[in-house]
$ cat query.tsv   # TSV, C-alpha atoms
chain	number	residue	atom	x	y	z
N	598	MET	CA	177.34	-3.13	-147.90
N	599	GLY	CA	177.12	-1.12	-144.70
N	600	SER	CA	173.95	0.78	-145.67
N	601	GLY	CA	172.38	-2.42	-147.05
N	602	GLY	CA	172.96	-4.24	-143.74
N	603	ARG	CA	171.39	-1.39	-141.84
N	604	THR	CA	168.38	-1.51	-144.17
N	605	LEU	CA	167.97	-5.26	-143.54
N	606	ARG	CA	168.06	-4.78	-139.78
N	607	LYS	CA	165.39	-2.10	-140.07
N	608	LEU	CA	162.87	-4.39	-141.79
N	609	SER	CA	159.56	-4.39	-139.95
N	610	ARG	CA	158.40	-7.41	-137.91
N	611	SER	CA	155.51	-7.95	-140.34
N	612	GLN	CA	157.96	-8.08	-143.26
N	613	ARG	CA	159.96	-10.79	-141.43
N	614	GLY	CA	156.79	-12.87	-141.03
N	615	GLU	CA	156.30	-12.22	-137.26
N	616	SER	CA	152.90	-11.35	-135.79
N	617	GLN	CA	152.25	-8.33	-133.66
N	618	THR	CA	150.60	-8.54	-130.28
N	619	PRO	CA	147.72	-6.23	-129.26
N	620	ASP	CA	149.84	-4.60	-126.57
N	621	GLU	CA	152.85	-4.05	-128.83
N	622	GLY	CA	153.25	-0.55	-127.56
N	623	ALA	CA	153.02	-1.56	-123.89
N	624	SER	CA	156.04	-1.85	-121.71
N	625	THR	CA	157.50	-5.24	-120.76
N	626	PRO	CA	156.22	-5.16	-117.12
N	627	GLN	CA	152.69	-4.41	-118.37
N	628	ARG	CA	152.80	-7.37	-120.77
N	629	VAL	CA	153.90	-9.66	-117.95
N	630	VAL	CA	151.01	-8.50	-115.76
N	631	GLU	CA	148.48	-9.09	-118.54
N	632	GLN	CA	149.88	-12.58	-119.19
N	633	ASP	CA	149.65	-13.45	-115.48
N	634	ARG	CA	146.04	-12.28	-115.38
N	635	SER	CA	145.22	-14.42	-118.39
N	636	ARG	CA	146.78	-17.51	-116.80
N	637	VAL	CA	144.87	-16.93	-113.54
N	638	LEU	CA	141.59	-16.59	-115.45
N	639	GLN	CA	142.22	-19.78	-117.43
N	640	SER	CA	143.18	-21.64	-114.25
N	641	SER	CA	139.99	-20.57	-112.46
N	642	LEU	CA	137.88	-21.68	-115.41
N	643	VAL	CA	139.55	-25.09	-115.41
N	644	GLN	CA	139.04	-25.48	-111.66
N	645	ALA	CA	135.36	-24.62	-112.00
N	646	ILE	CA	134.82	-27.65	-114.24
N	647	PRO	CA	134.63	-30.98	-112.34
N	648	LYS	CA	137.57	-33.20	-113.14
N	649	THR	CA	135.33	-36.23	-113.57
N	650	ARG	CA	131.75	-36.70	-114.62
N	651	PRO	CA	129.26	-37.74	-111.93
N	652	MET	CA	128.49	-41.44	-111.84
N	653	LEU	CA	125.09	-42.61	-112.98
N	654	SER	CA	122.78	-42.67	-109.97
N	655	ARG	CA	122.00	-46.33	-110.67
N	656	VAL	CA	125.69	-47.26	-110.58
N	657	ALA	CA	126.40	-45.15	-107.52
N	658	GLU	CA	123.48	-46.66	-105.61
N	659	ALA	CA	124.46	-50.24	-106.51
N	660	MET	CA	128.07	-49.57	-105.51
N	661	TYR	CA	126.94	-48.10	-102.21
N	662	TRP	CA	124.56	-50.91	-101.24
N	663	MET	CA	126.92	-53.64	-102.41
N	664	SER	CA	129.51	-52.38	-99.93
N	665	ARG	CA	127.01	-51.77	-97.17
N	666	TYR	CA	125.51	-55.26	-97.39
N	667	VAL	CA	128.97	-56.89	-97.35
N	668	GLU	CA	129.88	-54.95	-94.21
N	669	ARG	CA	126.54	-55.85	-92.61
N	670	ALA	CA	127.02	-59.54	-93.41
N	671	GLU	CA	130.42	-59.48	-91.70
N	672	HIS	CA	128.97	-57.93	-88.55
N	673	ILE	CA	126.07	-60.39	-88.44
N	674	ALA	CA	128.40	-63.36	-88.77
N	675	ARG	CA	130.80	-62.03	-86.13
N	676	ILE	CA	128.05	-61.18	-83.64
N	677	VAL	CA	126.53	-64.65	-83.86
N	678	LEU	CA	129.93	-66.35	-83.73
N	679	VAL	CA	131.19	-64.34	-80.75
N	680	ASN	CA	127.99	-64.87	-78.80
N	681	SER	CA	128.04	-68.61	-79.46
N	682	HIS	CA	131.55	-68.79	-78.01
N	683	MET	CA	130.70	-66.53	-75.10
N	684	LEU	CA	127.59	-68.50	-74.14
N	685	ILE	CA	129.66	-71.62	-73.68
N	686	ASP	CA	131.12	-69.89	-70.62
N	687	LEU	CA	127.92	-68.14	-69.61
N	688	GLY	CA	125.93	-71.36	-69.88
N	689	GLU	CA	128.10	-73.02	-67.27
N	690	LEU	CA	128.23	-70.03	-64.93
N	691	ALA	CA	124.92	-68.23	-65.50
N	692	PRO	CA	122.31	-70.28	-67.43
N	693	ASP	CA	119.72	-67.52	-67.06
N	694	MET	CA	121.91	-65.20	-69.13
N	695	GLN	CA	121.66	-67.28	-72.31
N	696	GLU	CA	118.18	-66.14	-73.22
N	697	LYS	CA	118.94	-62.50	-72.51
N	698	GLN	CA	122.13	-62.66	-74.57
N	699	TRP	CA	120.47	-64.10	-77.67
N	700	LEU	CA	117.65	-61.59	-77.42
N	701	GLY	CA	120.37	-58.95	-77.34
N	702	VAL	CA	121.72	-60.34	-80.63
N	703	LEU	CA	118.28	-59.97	-82.22
N	704	HIS	CA	118.00	-56.44	-80.85
N	705	ILE	CA	121.33	-55.48	-82.40
N	706	LEU	CA	120.05	-56.77	-85.74
N	707	ARG	CA	116.77	-54.89	-85.19
N	708	LEU	CA	114.78	-58.10	-85.11
N	709	ASP	CA	112.70	-57.74	-81.98
N	710	GLN	CA	111.30	-61.22	-81.95
N	711	ARG	CA	112.56	-64.52	-80.61
N	712	VAL	CA	114.18	-67.13	-82.79
N	713	GLY	CA	112.15	-70.31	-83.09
N	714	LEU	CA	108.90	-69.17	-81.51
N	715	ASN	CA	106.06	-71.68	-81.62
N	716	ASP	CA	102.69	-70.07	-82.23
N	717	ASP	CA	100.82	-73.06	-80.83
N	718	GLY	CA	103.17	-74.04	-78.07
N	719	PRO	CA	105.88	-72.89	-75.68
N	720	ALA	CA	108.81	-70.86	-76.92
N	721	VAL	CA	111.78	-72.83	-78.13
N	722	PRO	CA	115.00	-71.94	-76.27
N	723	ILE	CA	117.48	-69.95	-78.30
N	724	THR	CA	120.54	-71.96	-79.29
N	725	LEU	CA	123.35	-71.61	-81.80
N	726	GLN	CA	121.69	-74.12	-84.09
N	727	ASN	CA	118.28	-72.47	-84.38
N	728	ALA	CA	119.97	-69.06	-84.56
N	729	SER	CA	121.98	-70.46	-87.49
N	730	ASP	CA	118.76	-71.70	-89.09
N	731	PHE	CA	117.28	-68.24	-88.72
N	732	MET	CA	120.32	-66.71	-90.43
N	733	LYS	CA	119.61	-68.84	-93.51
N	734	ASN	CA	116.05	-67.56	-93.97
N	735	GLU	CA	115.10	-64.79	-96.40
N	736	SER	CA	114.88	-62.09	-93.75
N	737	ASN	CA	116.22	-58.66	-94.67
N	738	ARG	CA	118.75	-58.68	-91.84
N	739	ASN	CA	120.28	-62.13	-91.83
N	740	LEU	CA	123.56	-63.33	-93.22
N	741	LEU	CA	122.52	-64.98	-96.47
N	742	SER	CA	120.03	-62.26	-97.33
N	743	CYS	CA	122.74	-59.60	-97.04
N	744	LEU	CA	125.16	-61.56	-99.22
N	745	THR	CA	122.42	-62.18	-101.79
N	746	ARG	CA	121.64	-58.48	-102.04
N	747	ALA	CA	125.34	-57.58	-102.20
N	748	ARG	CA	125.86	-60.03	-105.07
N	749	GLU	CA	122.80	-58.75	-106.95
N	750	ASN	CA	124.09	-55.19	-106.75
N	751	ALA	CA	127.57	-56.28	-107.84
N	752	ARG	CA	126.16	-58.24	-110.79
N	753	SER	CA	124.28	-55.17	-112.01
N	754	ILE	CA	127.50	-53.12	-112.20
N	755	ARG	CA	130.08	-55.72	-113.17
N	756	GLU	CA	131.61	-53.35	-115.72
N	757	ASN	CA	132.27	-50.83	-112.93
N	758	ILE	CA	134.04	-53.14	-110.47
N	759	SER	CA	137.17	-55.23	-110.89
N	760	GLU	CA	137.06	-58.86	-111.94
N	761	GLU	CA	138.70	-59.83	-108.66
N	762	MET	CA	135.96	-58.13	-106.66
N	763	TRP	CA	133.25	-60.04	-108.51
N	764	GLU	CA	135.07	-63.38	-108.17
N	765	THR	CA	135.61	-62.87	-104.44
N	766	LEU	CA	131.99	-61.96	-103.72
N	767	ASN	CA	130.57	-64.64	-106.02
N	768	THR	CA	132.77	-67.31	-104.43
N	769	LEU	CA	131.69	-66.24	-100.93
N	770	TYR	CA	128.03	-66.30	-101.94
N	771	TRP	CA	128.14	-69.82	-103.39
N	772	SER	CA	130.19	-71.14	-100.50
N	773	LEU	CA	127.21	-70.32	-98.27
N	774	ARG	CA	124.40	-71.06	-100.74
N	775	GLY	CA	125.72	-74.09	-102.61
N	776	GLU	CA	124.42	-77.65	-102.42
N	777	GLU	CA	126.78	-78.65	-99.63
N	778	ALA	CA	126.30	-75.45	-97.63
N	779	GLN	CA	123.14	-76.67	-95.90
N	780	GLN	CA	124.92	-79.71	-94.51
N	781	ARG	CA	127.91	-77.62	-93.48
N	782	PHE	CA	125.63	-75.21	-91.61
N	783	GLU	CA	124.16	-78.15	-89.70
N	784	ASP	CA	127.50	-79.83	-88.99
N	785	SER	CA	129.61	-76.78	-88.17
N	786	PRO	CA	127.75	-73.44	-88.11
N	787	GLN	CA	130.70	-71.73	-86.44
N	788	GLU	CA	132.91	-72.61	-89.39
N	789	MET	CA	130.40	-71.10	-91.80
N	790	PHE	CA	130.15	-67.84	-89.86
N	791	HIS	CA	133.93	-67.59	-89.71
N	792	ALA	CA	134.11	-68.14	-93.48
N	793	ALA	CA	131.64	-65.29	-93.98
N	794	ILE	CA	133.76	-62.97	-91.85
N	795	MET	CA	136.96	-63.75	-93.71
N	796	GLY	CA	135.26	-63.57	-97.11
N	797	SER	CA	133.89	-60.12	-96.33
N	798	MET	CA	137.26	-58.83	-95.21
N	799	LEU	CA	138.89	-60.34	-98.31
N	800	PHE	CA	136.38	-58.55	-100.54
N	801	GLN	CA	137.15	-55.21	-98.88
N	802	GLY	CA	140.89	-55.77	-99.28
N	803	VAL	CA	140.49	-56.67	-102.96
N	804	ALA	CA	138.40	-53.52	-103.52
N	805	ASP	CA	141.11	-51.38	-101.92
N	806	GLN	CA	143.80	-52.97	-104.08
N	807	THR	CA	142.04	-52.98	-107.46
N	808	LEU	CA	139.85	-49.86	-107.67
N	809	PRO	CA	141.17	-46.41	-108.59
N	810	ARG	CA	140.61	-43.72	-105.98
N	811	ALA	CA	137.66	-42.27	-107.87
N	812	GLN	CA	133.96	-41.92	-107.14
N	813	SER	CA	133.31	-45.68	-107.11
N	814	TRP	CA	135.91	-46.27	-104.41
N	815	HIS	CA	134.61	-43.34	-102.38
N	816	PHE	CA	131.06	-44.73	-102.47
N	817	ILE	CA	132.35	-48.10	-101.25
N	818	GLN	CA	134.25	-46.47	-98.39
N	819	LEU	CA	131.30	-44.26	-97.48
N	820	ALA	CA	128.88	-47.19	-97.25
N	821	LYS	CA	131.31	-49.40	-95.35
N	822	TYR	CA	132.06	-46.87	-92.64
N	823	LEU	CA	128.48	-45.69	-92.22
N	824	GLU	CA	127.37	-49.28	-91.66
N	825	ARG	CA	130.29	-49.94	-89.31
N	826	ALA	CA	129.64	-46.88	-87.14
N	827	ASP	CA	125.96	-47.74	-86.85
N	828	MET	CA	126.64	-51.38	-85.95
N	829	ILE	CA	129.21	-50.52	-83.29
N	830	CYS	CA	126.74	-48.11	-81.67
N	831	ARG	CA	124.13	-50.86	-81.52
N	832	ILE	CA	126.57	-53.44	-80.14
N	833	VAL	CA	127.77	-51.14	-77.36
N	834	ASP	CA	124.30	-49.89	-76.47
N	835	THR	CA	122.68	-53.35	-76.34
N	836	ASN	CA	125.43	-55.03	-74.36
N	837	PHE	CA	125.69	-52.24	-71.81
N	838	ASP	CA	121.93	-52.43	-71.34
N	839	ILE	CA	122.33	-56.14	-70.60
N	840	LEU	CA	125.05	-55.41	-68.06
N	841	GLN	CA	123.05	-52.69	-66.33
N	842	SER	CA	119.90	-54.83	-66.17
N	843	SER	CA	121.69	-57.84	-64.68
N	844	GLY	CA	121.99	-56.55	-61.13
N	845	GLU	CA	124.47	-58.67	-59.20
N	846	PHE	CA	125.92	-59.94	-62.46
N	847	CYS	CA	127.72	-56.63	-62.99
N	848	GLU	CA	129.72	-57.13	-59.81
N	849	THR	CA	130.97	-60.62	-60.64
N	850	PRO	CA	133.74	-61.92	-62.92
N	851	LEU	CA	131.05	-62.72	-65.49
N	852	ARG	CA	131.05	-59.03	-66.32
N	853	ASN	CA	134.48	-59.46	-67.89
N	854	ILE	CA	133.15	-62.21	-70.15
N	855	GLN	CA	130.47	-59.82	-71.34
N	856	LEU	CA	132.92	-56.98	-71.93
N	857	MET	CA	135.31	-59.23	-73.80
N	858	GLY	CA	132.40	-60.25	-75.97
N	859	VAL	CA	131.70	-56.62	-76.79
N	860	LEU	CA	135.29	-56.09	-77.92
N	861	ARG	CA	135.32	-59.26	-80.00
N	862	SER	CA	132.00	-58.33	-81.62
N	863	CYS	CA	133.65	-55.09	-82.75
N	864	CYS	CA	136.89	-56.84	-83.80
N	865	SER	CA	138.80	-54.60	-81.38
N	866	ILE	CA	140.13	-56.77	-78.58
N	867	GLU	CA	143.79	-56.61	-79.62
N	868	ALA	CA	143.63	-52.87	-80.29
N	869	TYR	CA	142.07	-52.28	-76.87
N	870	ARG	CA	144.68	-54.38	-75.07
N	871	ARG	CA	147.49	-52.39	-76.66
N	872	LYS	CA	146.06	-49.14	-75.32
N	873	GLN	CA	144.58	-50.26	-72.01
N	874	VAL	CA	146.49	-52.41	-69.53
N	875	GLY	CA	144.83	-54.04	-66.54
N	876	ASP	CA	141.29	-55.02	-65.69
N	877	LEU	CA	138.45	-54.31	-68.07
N	878	ASP	CA	136.72	-51.09	-67.18
N	879	PRO	CA	133.28	-50.47	-68.74
N	880	LEU	CA	133.75	-46.71	-69.15
N	881	ARG	CA	137.20	-47.00	-70.71
N	882	LEU	CA	135.95	-49.75	-73.01
N	883	ALA	CA	132.98	-47.68	-74.17
N	884	ALA	CA	135.17	-44.60	-74.63
N	885	PHE	CA	137.63	-46.63	-76.70
N	886	LEU	CA	134.97	-48.03	-79.03
N	887	ILE	CA	133.35	-44.64	-79.51
N	888	LEU	CA	136.04	-41.97	-79.21
N	889	ASP	CA	139.41	-43.52	-80.13
N	890	ALA	CA	140.98	-41.87	-83.18
N	891	ASP	CA	143.35	-44.61	-84.30
N	892	SER	CA	141.51	-47.93	-84.44
N	893	PRO	CA	139.52	-48.50	-87.67
N	894	ARG	CA	136.95	-50.50	-85.72
N	895	ASN	CA	135.43	-47.72	-83.66
N	896	VAL	CA	132.84	-45.03	-84.19
N	897	ARG	CA	135.00	-41.91	-84.38
N	898	TYR	CA	137.38	-43.41	-86.93
N	899	ALA	CA	134.47	-44.66	-89.05
N	900	VAL	CA	132.70	-41.29	-88.99
N	901	LYS	CA	135.89	-39.49	-90.00
N	902	ALA	CA	136.51	-41.93	-92.86
N	903	ALA	CA	132.90	-41.56	-94.04
N	904	ARG	CA	133.24	-37.77	-94.00
N	905	GLU	CA	136.42	-37.97	-96.08
N	906	ALA	CA	134.67	-40.26	-98.56
N	907	ILE	CA	131.67	-37.98	-99.04
N	908	SER	CA	134.06	-35.03	-99.36
N	909	GLY	CA	135.81	-36.82	-102.22
N	910	ILE	CA	132.51	-37.50	-103.94
N	911	ALA	CA	131.27	-33.93	-103.50
N	912	ALA	CA	134.53	-32.48	-104.81
N	913	SER	CA	134.14	-34.51	-108.01
N	914	VAL	CA	130.44	-33.93	-108.57
N	915	HIS	CA	129.74	-30.38	-107.35
N	916	PRO	CA	132.93	-28.76	-106.00
N	917	HIS	CA	131.31	-25.37	-105.32
N	918	LYS	CA	128.24	-26.61	-103.45
N	919	ILE	CA	127.90	-27.52	-99.80
N	920	ASP	CA	126.94	-31.17	-99.47
N	921	SER	CA	124.31	-31.87	-96.80
N	922	ALA	CA	125.74	-35.27	-95.84
N	923	GLU	CA	129.24	-33.81	-95.63
N	924	ARG	CA	127.96	-31.12	-93.27
N	925	ILE	CA	126.20	-33.66	-91.04
N	926	LEU	CA	129.19	-35.99	-90.85
N	927	GLY	CA	131.59	-33.10	-90.33
N	928	ARG	CA	129.55	-31.83	-87.40
N	929	LEU	CA	129.34	-35.34	-85.93
N	930	ASN	CA	133.07	-35.86	-86.37
N	931	ALA	CA	133.83	-32.63	-84.51
N	932	HIS	CA	131.42	-33.62	-81.74
N	933	LEU	CA	133.20	-36.96	-81.30
N	934	GLU	CA	136.61	-35.32	-81.43
N	935	TYR	CA	135.86	-32.99	-78.52
N	936	THR	CA	133.80	-35.36	-76.36
N	937	GLU	CA	135.55	-36.59	-73.21
N	938	PRO	CA	135.05	-40.04	-71.67
N	939	LYS	CA	133.35	-38.55	-68.61
N	940	ASP	CA	130.65	-37.12	-70.91
N	941	ILE	CA	129.40	-40.61	-71.80
N	942	SER	CA	129.50	-42.22	-68.37
N	943	GLY	CA	126.49	-43.85	-66.75
N	944	SER	CA	123.06	-43.16	-68.17
N	945	ALA	CA	124.47	-40.60	-70.64
N	946	LEU	CA	125.90	-43.38	-72.80
N	947	SER	CA	122.62	-44.58	-74.32
N	948	ALA	CA	121.48	-41.04	-75.16
N	949	PHE	CA	124.87	-40.27	-76.70
N	950	LEU	CA	124.73	-43.40	-78.88
N	951	ARG	CA	121.17	-42.64	-79.98
N	952	ASP	CA	122.24	-39.15	-81.07
N	953	ILE	CA	125.05	-40.65	-83.16
N	954	GLN	CA	122.68	-43.10	-84.82
N	955	GLU	CA	120.21	-40.32	-85.62
N	956	ASP	CA	122.97	-38.30	-87.27
N	957	LEU	CA	124.09	-41.35	-89.27
N	958	ALA	CA	120.52	-41.98	-90.42
N	959	GLU	CA	120.17	-38.33	-91.40
N	960	ALA	CA	123.43	-38.48	-93.37
N	961	SER	CA	122.28	-41.66	-95.14
N	962	ALA	CA	119.02	-39.98	-96.15
N	963	ALA	CA	120.93	-36.94	-97.44
N	964	ILE	CA	123.20	-39.19	-99.53
N	965	GLU	CA	120.18	-40.93	-101.03
N	966	ASN	CA	118.49	-37.64	-101.92
N	967	ALA	CA	121.64	-36.10	-103.40
N	968	TYR	CA	123.02	-39.01	-105.43
N	969	PHE	CA	120.47	-41.78	-105.91
N	970	LEU	CA	117.00	-40.26	-106.43
N	971	HIS	CA	117.47	-39.03	-110.01
$ encode --input "query.tsv" --output "structure tokens"
Amino acid sequence: MGSGGRTLRKLSRSQRGESQTPDEGASTPQRVVEQDRSRVLQSSLVQAIPKTRPMLSRVAEAMYWMSRYVERAEHIARIVLVNSHMLIDLGELAPDMQEKQWLGVLHILRLDQRVGLNDDGPAVPITLQNASDFMKNESNRNLLSCLTRARENARSIRENISEEMWETLNTLYWSLRGEEAQQRFEDSPQEMFHAAIMGSMLFQGVADQTLPRAQSWHFIQLAKYLERADMICRIVDTNFDILQSSGEFCETPLRNIQLMGVLRSCCSIEAYRRKQVGDLDPLRLAAFLILDADSPRNVRYAVKAAREAISGIAASVHPHKIDSAERILGRLNAHLEYTEPKDISGSALSAFLRDIQEDLAEASAAIENAYFLH
């Protein structure tokens, strides 16, 4: 029995049905090293493969412009609504400011013509009512046109967005384009603009709550914040030009009405009041809307969020390439981070805002070339 047991223990591994490894003769530490090297190699190969497939360029472009048009519609509605409220005060105190203020609205929207011009007669004064009529036309930069284009893009990619997103946008569209909408615009235009603002914000909230944090959500965030940063630059630049061109007006209490209008147009009045106590100061207000890092309704926050969104897209699509738009937005974000309020005082403000808008336009072109033109 003893010799038989020893014989059984001496059976080879192959006789017991076990396989031999190539480094059978190697020591245990050497085998551990080789196994670690193999795991590292496998891990690097896995990391080199994108975790998700790139979206179709058609889907990505529709997602991007759907979000951008919704954000633009919200800004258009808020700008018109805020100026209509503000001109109630300005009309009583400075009637000559009404025309200049409405022309400023058109300049913000990049529509450098007057509302309601008569070719054969004198110009019609700009009022809330004919401004509302203009917003219902088929211009590329009015309220209903933006919502129409947003809905068309959403309809083309319904399988890529949530049902709640489509229902929210479709309901907003028909509330402003339905049979009764025309009469409601005539009876209470302010109510219609307020409904557009709230509908846009509801759509953005629904998108945040129903979409996975994948490429589609990143494209929506990218478009939203690029549009927001550009609009805020235009609002600040145009209104400060009005203040500087008004002479004595800048030294009167009417200046505060104008500055409050700037904050309301950017949906930032409460955020500003929490950070700044006391009288409204033009430099501090401009610095807040451009350089503040915490409020989501200012330029620096929007640029940072857009950079994070394009970084998420680039990491999914081409993780080992340098994305041109990401580089542009990263450079702009760093520039905003290290700019001090004194650097944008006086005449330097307009040049600073123009530089930001040029960088945003360059980033938008880079996004189009990288993800849409295929």
$ residues_around --input "query.tsv" --residues "N:Thr936" --least-positions-apart "6" --cutoff "10 Å" --atoms "all atoms listed in the file" --output "count of residues only"
3
$ closest_residue --input "query.tsv" --among "N:Ser944, N:Asn930, N:Ser797, N:Gln818" --to "N:Gln841" --atoms "all atoms listed in the file"
N:Ser944
$ atom_distance --input "query.tsv" --atom1 "atom CA of N:Leu769" --atom2 "atom CA of N:Arg707"
24.5 Å
$ closest_atom_pairs --input "query.tsv" --of "stretch 810-868 of chain N" --to "stretch 951-958 of chain N" --cutoff "8 Å" --atoms "all atoms listed in the file" --output "JSON lines"
{"residue": "N:Leu823", "atom": "CA", "partner": "N:Leu957", "partner_atom": "CA", "distance": 6.8}
{"residue": "N:Asp827", "atom": "CA", "partner": "N:Gln954", "partner_atom": "CA", "distance": 6.0}
{"residue": "N:Cys830", "atom": "CA", "partner": "N:Gln954", "partner_atom": "CA", "distance": 7.2}
$ atom_distance --input "query.tsv" --atom1 "atom CA of N:Arg825" --atom2 "atom CA of N:Leu880"
20.7 Å
$ closest_residue --input "query.tsv" --among "N:Ile839, N:Ile794, N:Leu926, N:Ala811" --to "N:Ala657" --atoms "all atoms listed in the file"
N:Ala811
